[in-house]
Amino acid sequence: MAKILFFNPYFCGHSLEYTNHLLNFTPRDNNNRYIFVLGYDFQSEIRPKKYPNAEIKFMSTKETHYVCDHGFYVQGYYYTSFLNSLIKKLGITRVYLNSFDAYYPFLPFCLIKGVSYVGIYYYIYLYDWFELSFLKRVYHSVLMWMMAKSPATKNLYICNDSSAACFFNKIFHTNKFHRLDDPFNSFQVSKTFDFREKYNIGKKILYIHFGVLSARKGTWDIIKAIELANKEDLKNSVFVFAGNTESHLFDKLNELAKKFSENVLFFPGFCENEFLASMCSAANCILMPYKENSQSSGMLGYASQLGIPVIARNSKLIAKLVKKYKLGFLIESNEELLTLISSFSSREIQVPKRYLEDNSPKRFAQTIFSAL
């Protein structure tokens, strides 16, 4: 009997969604054991009894902090080290990883003989090629080449980008790279929680910016746009900031919410499903002017599911997906963000559902399980 490990120590909205999709579609299988080892914080959201086909083990608080509380490159060492200890301890023969990137640069050097690996790449360095230094180009290219050529790696999935998968297959002379759906988070709107009524929004235009609030997610740019906007334009608008917030932005968002008390709402911390569903279903637009657009985003699934547009930067993979699926507006600068917000009420856009058809949770899970 094969023992298949799903290791996910870091708790955030995206990793929780992916884990839930996999648990929901774990097959009833007498030939395989599906073992999920999850960080301590997943306990608040996942009930093991709901998933009889999976064995779910939670890491202790100490183990979770030991693995996760580090900078990116150091964290890669602890992720890889803990993963290998689990493989040996549990007798694992196959491994699925939500993000190969999190284990860099150590994983390619530490793949265990006799174990096969399946996982996802979010960050696609090809989109940043001309911005990367020579050393960074070598770093990414060599590590990707090692993963492509290792006999231990089975399927290397590129999130939401078939052209990048084809390119990697061509330059590394392999067929291991494949496009993978970036599944949307399906939700049902609570009948007991009306977001507009609770927060006295009425018929104003509601813009939402949620997830991790940080400079690289464009949070500063939205703040500046609000501060520079004409008071008349703001009168019929409400901006919601919701999610885990970088420390240097926390005070600024509190200050903004006080200064524009009728136009800005700030909800720091992890967004629970009921709150998220109610907020999203009430929204008119999703703000995602990210600084880094070389990877897919779950926001696109929300936009297609709700039929509301996004405002995103006209660059790299995000722009490619917004154009392909007609998901909203693309901006070139912060000035365009301000102009678009000021004139949003006069713009009409129909957001189709095609993105949902191409990125279903069921197909995502079936692809992963068939590879394992």
# chains A, B, ... in the order shown; residues from 1 in each chain; ligands from 1
call {"tool": "closest_atom_pairs", "arguments": {"of": "segment 270-350 of chain A", "to": "segment 7-12 of chain A", "cutoff": "12 Å", "atoms": "only C-alpha atoms", "output": "CSV"}}
result
residue,atom,partner,partner_atom,distance
A:Phe270,CA,A:Cys12,CA,8.0
A:Cys271,CA,A:Cys12,CA,10.0
A:Glu272,CA,A:Cys12,CA,11.4
call {"tool": "write_last_selection", "arguments": {"atoms": "C-alpha atoms", "output": "compact mmCIF listing (two decimals), in the first residue's frame"}}
result
# COMPACT_ATOMS: atom_id res chain seq x y z
CA PHE A 270 -7.97 36.24 8.92
CA CYS A 271 -11.35 36.44 7.15
CA GLU A 272 -13.79 33.73 8.20
call {"tool": "residues_around", "arguments": {"residues": "segment 47-63 of chain A", "least_positions_apart": "2", "cutoff": "8 Å", "atoms": "only C-alpha atoms", "output": "ChimeraX atom specification"}}
result
/A:9,23-24,26-29,33-40,42-43,45,65-67
call {"tool": "write_last_selection", "arguments": {"atoms": "C-alpha atoms", "output": "mmCIF file, in the first residue's frame"}}
result
data_model
loop_
_atom_site.group_PDB
_atom_site.id
_atom_site.type_symbol
_atom_site.label_atom_id
_atom_site.label_comp_id
_atom_site.auth_asym_id
_atom_site.auth_seq_id
_atom_site.Cartn_x
_atom_site.Cartn_y
_atom_site.Cartn_z
ATOM 1 C CA PRO A 9 2.694 23.721 7.434
ATOM 2 C CA LEU A 23 -9.776 16.814 1.271
ATOM 3 C CA ASN A 24 -13.228 17.194 -0.294
ATOM 4 C CA THR A 26 -9.947 12.506 -1.591
ATOM 5 C CA PRO A 27 -10.882 9.200 -3.244
ATOM 6 C CA ARG A 28 -12.085 6.134 -1.377
ATOM 7 C CA ASP A 29 -9.094 3.943 -2.118
ATOM 8 C CA ARG A 33 -3.220 5.922 2.379
ATOM 9 C CA TYR A 34 -3.651 9.688 2.061
ATOM 10 C CA ILE A 35 -1.900 11.394 4.970
ATOM 11 C CA PHE A 36 -2.317 15.161 5.468
ATOM 12 C CA VAL A 37 0.177 16.797 7.834
ATOM 13 C CA LEU A 38 -0.939 20.377 8.469
ATOM 14 C CA GLY A 39 0.260 23.320 10.529
ATOM 15 C CA TYR A 40 -1.271 23.915 13.949
ATOM 16 C CA PHE A 42 -5.447 24.567 10.376
ATOM 17 C CA GLN A 43 -7.212 22.998 13.386
ATOM 18 C CA GLU A 45 -10.873 25.431 10.103
ATOM 19 C CA HIS A 65 6.738 27.885 14.714
ATOM 20 C CA TYR A 66 9.961 25.916 14.300
ATOM 21 C CA VAL A 67 9.229 25.369 10.600
#
call {"tool": "residues_around", "arguments": {"residues": "segment 352-357 of chain A", "least_positions_apart": "6", "cutoff": "8 Å", "atoms": "only C-alpha atoms", "output": "number ranges by chain"}}
result
A: 183-184, 300-301, 304-305, 307, 325-327
call {"tool": "residues_around", "arguments": {"residues": "Met279 of chain A", "least_positions_apart": "5", "cutoff": "9 Å", "atoms": "only C-alpha atoms", "output": "count of residues only"}}
result
6
call {"tool": "closest_residue", "arguments": {"among": "A:Asn284, A:Asn254, A:Ser85, A:Thr153", "to": "Ile201 of chain A", "atoms": "only C-alpha atoms"}}
result
A:Asn284
call {"tool": "residues_around", "arguments": {"residues": "Asn155 of chain A", "least_positions_apart": "4", "cutoff": "9 Å", "atoms": "only C-alpha atoms", "output": "CSV table (one decimal) with C-alpha atoms, in the first residue's frame"}}
result
chain,number,residue,atom,x,y,z
A,117,TYR,CA,7.2,14.2,-5.8
A,118,VAL,CA,4.3,16.1,-7.3
A,119,GLY,CA,3.6,19.7,-6.7
A,120,ILE,CA,2.9,23.3,-7.9
A,175,ASN,CA,7.4,16.3,-20.4
A,176,LYS,CA,7.0,16.8,-16.6
A,177,PHE,CA,5.6,20.3,-16.7
A,178,HIS,CA,1.8,20.8,-17.0
A,368,ILE,CA,-3.5,15.9,-8.5
A,371,ALA,CA,-0.7,12.2,-10.8
A,372,LEU,CA,-0.1,10.5,-7.5
call {"tool": "closest_residue", "arguments": {"among": "A:Asn32, A:Ser81, A:Glu255, A:Asn20", "to": "Phe369 of chain A", "atoms": "only C-alpha atoms"}}
result
A:Asn32
